[in-house]
Amino acid sequence: MTRKITVGILTISDRGAAGSYEDKSGPVIEEVVTTQLEAQVEQKAVIPDEIDLIKATLLQWVEQDQVDLILTTGGTGFAPRDVTPEATRLVIQREAPGLVFAMLKDSLAVTPHAMLSRMVAGIRGRTLIINLPGSPKAVRENLVTILPALPHAVELLRDDPLADKHH
């Protein structure tokens with residue numbers, strides 16, 4: 001791939017946004033994507049579990065900043081304030097269920113609690129948006145699962161004419 005993959009990392013946490021909790025998952029994502037994906041992190045934010053704010057941030061990163069990949073962490077569980085999947089669904093135009101399936105499959109081998117995750121993955125324009133869980137351990141495990149598919153996914157979304165030669 002000629003151009004580095006550009007990434008936005010969005011941590012969704014009421015406590016993190018309020019400053020009462022240090023974001024540990026965002027830095028894990030940054031470390032994995034910069035070292036293993038050799039990606040360029042273009043955007044980072046910590047925001048509260050507010051559906052309109054999540055939606056607005058995702059839309060800005062897609063439409064204005066045009067990052068290739070947005071990885072969210074947090075807000076994917078059963079708690080009443082967990083609205084990341086709902087906000088993501090309002091933004092994406094096409095779902096990417098295979099990524100979620102792969103993450104759930106691998107996570108279920110680690111913990112039965114994985115079945116309580118409501119992660120969503122999908123595409124808006126040329127940007128891939130993937131919800132990851134909130135815990136640093138789960139973030140790393142899930143990211144490692146999908147990492148091998150991400151460069152090709154980005155090539156396809158960029159409509160890279162060389163992408164077909166990698167099959």
# chains A, B, ... in the order shown; residues from 1 in each chain; ligands from 1
>>> select_by_dssp(residues="stretch 53-162 of chain A", states="strand (DSSP E or B)", output="PyMOL selection string")
chain A and resi 69-73+94-95+121-124+127-132
>>> write_last_selection(atoms="C-alpha atoms", output="mmCIF file, in the first residue's frame")
data_model
loop_
_atom_site.group_PDB
_atom_site.id
_atom_site.type_symbol
_atom_site.label_atom_id
_atom_site.label_comp_id
_atom_site.auth_asym_id
_atom_site.auth_seq_id
_atom_site.Cartn_x
_atom_site.Cartn_y
_atom_site.Cartn_z
ATOM 1 C CA LEU A 69 -10.451 3.780 9.631
ATOM 2 C CA ILE A 70 -12.252 4.814 12.815
ATOM 3 C CA LEU A 71 -11.893 2.605 15.871
ATOM 4 C CA THR A 72 -14.173 3.308 18.808
ATOM 5 C CA THR A 73 -13.743 1.907 22.299
ATOM 6 C CA ARG A 94 -23.252 -0.533 4.849
ATOM 7 C CA GLU A 95 -22.618 -3.051 7.613
ATOM 8 C CA ALA A 121 -18.788 -2.442 12.161
ATOM 9 C CA GLY A 122 -19.617 -0.758 8.899
ATOM 10 C CA ILE A 123 -18.735 1.609 6.107
ATOM 11 C CA ARG A 124 -19.610 5.206 5.363
ATOM 12 C CA THR A 127 -14.240 5.003 5.823
ATOM 13 C CA LEU A 128 -14.461 1.801 7.843
ATOM 14 C CA ILE A 129 -15.880 2.263 11.354
ATOM 15 C CA ILE A 130 -15.423 -0.485 13.953
ATOM 16 C CA ASN A 131 -16.700 -0.557 17.536
ATOM 17 C CA LEU A 132 -14.329 -2.208 20.007
#
>>> select_by_dssp(residues="stretch 6-162 of chain A", states="helix (DSSP H, G or I)", output="ChimeraX atom specification")
/A:14-18,25-35,51-63,84-91,97-108,112-116,136-157
>>> write_last_selection(atoms="C-alpha atoms", output="PDB file, in the first residue's frame")
ATOM      1  CA  ASP A  14     -18.577   9.399  30.623  1.00  0.00           C
ATOM      2  CA  ARG A  15     -15.901   9.065  33.318  1.00  0.00           C
ATOM      3  CA  GLY A  16     -13.064   9.452  30.804  1.00  0.00           C
ATOM      4  CA  ALA A  17     -14.607  12.581  29.319  1.00  0.00           C
ATOM      5  CA  ALA A  18     -15.140  14.013  32.811  1.00  0.00           C
ATOM      6  CA  SER A  25      -8.033   1.668  25.805  1.00  0.00           C
ATOM      7  CA  GLY A  26      -7.341   4.525  23.359  1.00  0.00           C
ATOM      8  CA  PRO A  27      -3.559   4.280  23.918  1.00  0.00           C
ATOM      9  CA  VAL A  28      -3.731   0.479  23.375  1.00  0.00           C
ATOM     10  CA  ILE A  29      -5.431   1.051  20.019  1.00  0.00           C
ATOM     11  CA  GLU A  30      -2.838   3.676  19.089  1.00  0.00           C
ATOM     12  CA  GLU A  31       0.048   1.386  20.009  1.00  0.00           C
ATOM     13  CA  VAL A  32      -1.359  -1.558  18.016  1.00  0.00           C
ATOM     14  CA  VAL A  33      -2.257   0.397  14.867  1.00  0.00           C
ATOM     15  CA  THR A  34       1.014   2.343  14.744  1.00  0.00           C
ATOM     16  CA  THR A  35       3.291  -0.641  15.386  1.00  0.00           C
ATOM     17  CA  ILE A  51     -25.550   9.488  21.035  1.00  0.00           C
ATOM     18  CA  ASP A  52     -25.633  12.874  19.225  1.00  0.00           C
ATOM     19  CA  LEU A  53     -22.033  13.677  20.133  1.00  0.00           C
ATOM     20  CA  ILE A  54     -20.789  10.235  19.048  1.00  0.00           C
ATOM     21  CA  LYS A  55     -22.668  10.567  15.753  1.00  0.00           C
ATOM     22  CA  ALA A  56     -21.381  14.111  15.139  1.00  0.00           C
ATOM     23  CA  THR A  57     -17.774  13.092  15.858  1.00  0.00           C
ATOM     24  CA  LEU A  58     -17.949  10.061  13.569  1.00  0.00           C
ATOM     25  CA  LEU A  59     -19.491  12.148  10.788  1.00  0.00           C
ATOM     26  CA  GLN A  60     -16.846  14.847  11.097  1.00  0.00           C
ATOM     27  CA  TRP A  61     -13.999  12.317  10.967  1.00  0.00           C
ATOM     28  CA  VAL A  62     -15.556  10.664   7.891  1.00  0.00           C
ATOM     29  CA  GLU A  63     -16.753  13.703   5.956  1.00  0.00           C
ATOM     30  CA  THR A  84     -22.093   3.486  20.761  1.00  0.00           C
ATOM     31  CA  PRO A  85     -23.682   0.830  18.473  1.00  0.00           C
ATOM     32  CA  GLU A  86     -26.827   2.929  18.026  1.00  0.00           C
ATOM     33  CA  ALA A  87     -24.788   6.029  17.144  1.00  0.00           C
ATOM     34  CA  THR A  88     -22.624   4.001  14.754  1.00  0.00           C
ATOM     35  CA  ARG A  89     -25.684   2.563  12.983  1.00  0.00           C
ATOM     36  CA  LEU A  90     -26.935   6.127  12.383  1.00  0.00           C
ATOM     37  CA  VAL A  91     -23.673   6.904  10.557  1.00  0.00           C
ATOM     38  CA  PRO A  97     -20.749  -8.094   9.960  1.00  0.00           C
ATOM     39  CA  GLY A  98     -17.795 -10.370   9.195  1.00  0.00           C
ATOM     40  CA  LEU A  99     -15.488  -8.224  11.317  1.00  0.00           C
ATOM     41  CA  VAL A 100     -17.882  -8.356  14.272  1.00  0.00           C
ATOM     42  CA  PHE A 101     -18.374 -12.095  13.804  1.00  0.00           C
ATOM     43  CA  ALA A 102     -14.606 -12.712  13.847  1.00  0.00           C
ATOM     44  CA  MET A 103     -14.156 -10.626  17.004  1.00  0.00           C
ATOM     45  CA  LEU A 104     -17.057 -12.311  18.804  1.00  0.00           C
ATOM     46  CA  LYS A 105     -15.859 -15.771  17.786  1.00  0.00           C
ATOM     47  CA  ASP A 106     -12.374 -15.205  19.192  1.00  0.00           C
ATOM     48  CA  SER A 107     -13.661 -13.378  22.276  1.00  0.00           C
ATOM     49  CA  LEU A 108     -16.078 -16.185  23.130  1.00  0.00           C
ATOM     50  CA  PRO A 112     -18.667 -16.105  27.858  1.00  0.00           C
ATOM     51  CA  HIS A 113     -19.271 -12.404  28.599  1.00  0.00           C
ATOM     52  CA  ALA A 114     -18.320 -11.668  24.977  1.00  0.00           C
ATOM     53  CA  MET A 115     -21.883 -12.546  24.012  1.00  0.00           C
ATOM     54  CA  LEU A 116     -22.976  -9.396  25.858  1.00  0.00           C
ATOM     55  CA  PRO A 136      -7.824  -2.475  27.299  1.00  0.00           C
ATOM     56  CA  LYS A 137      -7.436  -6.281  27.343  1.00  0.00           C
ATOM     57  CA  ALA A 138     -10.523  -6.838  25.164  1.00  0.00           C
ATOM     58  CA  VAL A 139      -9.506  -3.992  22.835  1.00  0.00           C
ATOM     59  CA  ARG A 140      -6.123  -5.607  22.186  1.00  0.00           C
ATOM     60  CA  GLU A 141      -7.602  -9.098  21.688  1.00  0.00           C
ATOM     61  CA  ASN A 142     -10.291  -7.878  19.278  1.00  0.00           C
ATOM     62  CA  LEU A 143      -7.931  -5.661  17.315  1.00  0.00           C
ATOM     63  CA  VAL A 144      -5.410  -8.478  16.886  1.00  0.00           C
ATOM     64  CA  THR A 145      -8.231 -10.666  15.497  1.00  0.00           C
ATOM     65  CA  ILE A 146      -9.227  -8.237  12.734  1.00  0.00           C
ATOM     66  CA  LEU A 147      -5.808  -6.695  12.018  1.00  0.00           C
ATOM     67  CA  PRO A 148      -4.891  -9.066   9.143  1.00  0.00           C
ATOM     68  CA  ALA A 149      -7.976  -8.004   7.151  1.00  0.00           C
ATOM     69  CA  LEU A 150      -7.712  -4.241   7.668  1.00  0.00           C
ATOM     70  CA  PRO A 151      -5.106  -3.279   5.024  1.00  0.00           C
ATOM     71  CA  HIS A 152      -7.060  -5.041   2.273  1.00  0.00           C
ATOM     72  CA  ALA A 153     -10.342  -3.562   3.524  1.00  0.00           C
ATOM     73  CA  VAL A 154      -8.844  -0.066   3.277  1.00  0.00           C
ATOM     74  CA  GLU A 155      -7.440  -0.772  -0.201  1.00  0.00           C
ATOM     75  CA  LEU A 156     -10.888  -1.848  -1.393  1.00  0.00           C
ATOM     76  CA  LEU A 157     -12.535   1.240   0.098  1.00  0.00           C
TER      77      LEU A 157
END
>>> atom_distance(atom1="atom CA of A:Pro133", atom2="atom CA of A:Gly75")
7.3 Å
>>> closest_residue(among="A:Val7, A:Gln93, A:Ile47, A:Met119", to="A:Phe78", atoms="only C-alpha atoms")
A:Met119
>>> atom_distance(atom1="atom CA of A:Asp49", atom2="atom CA of A:Thr6")
24.3 Å
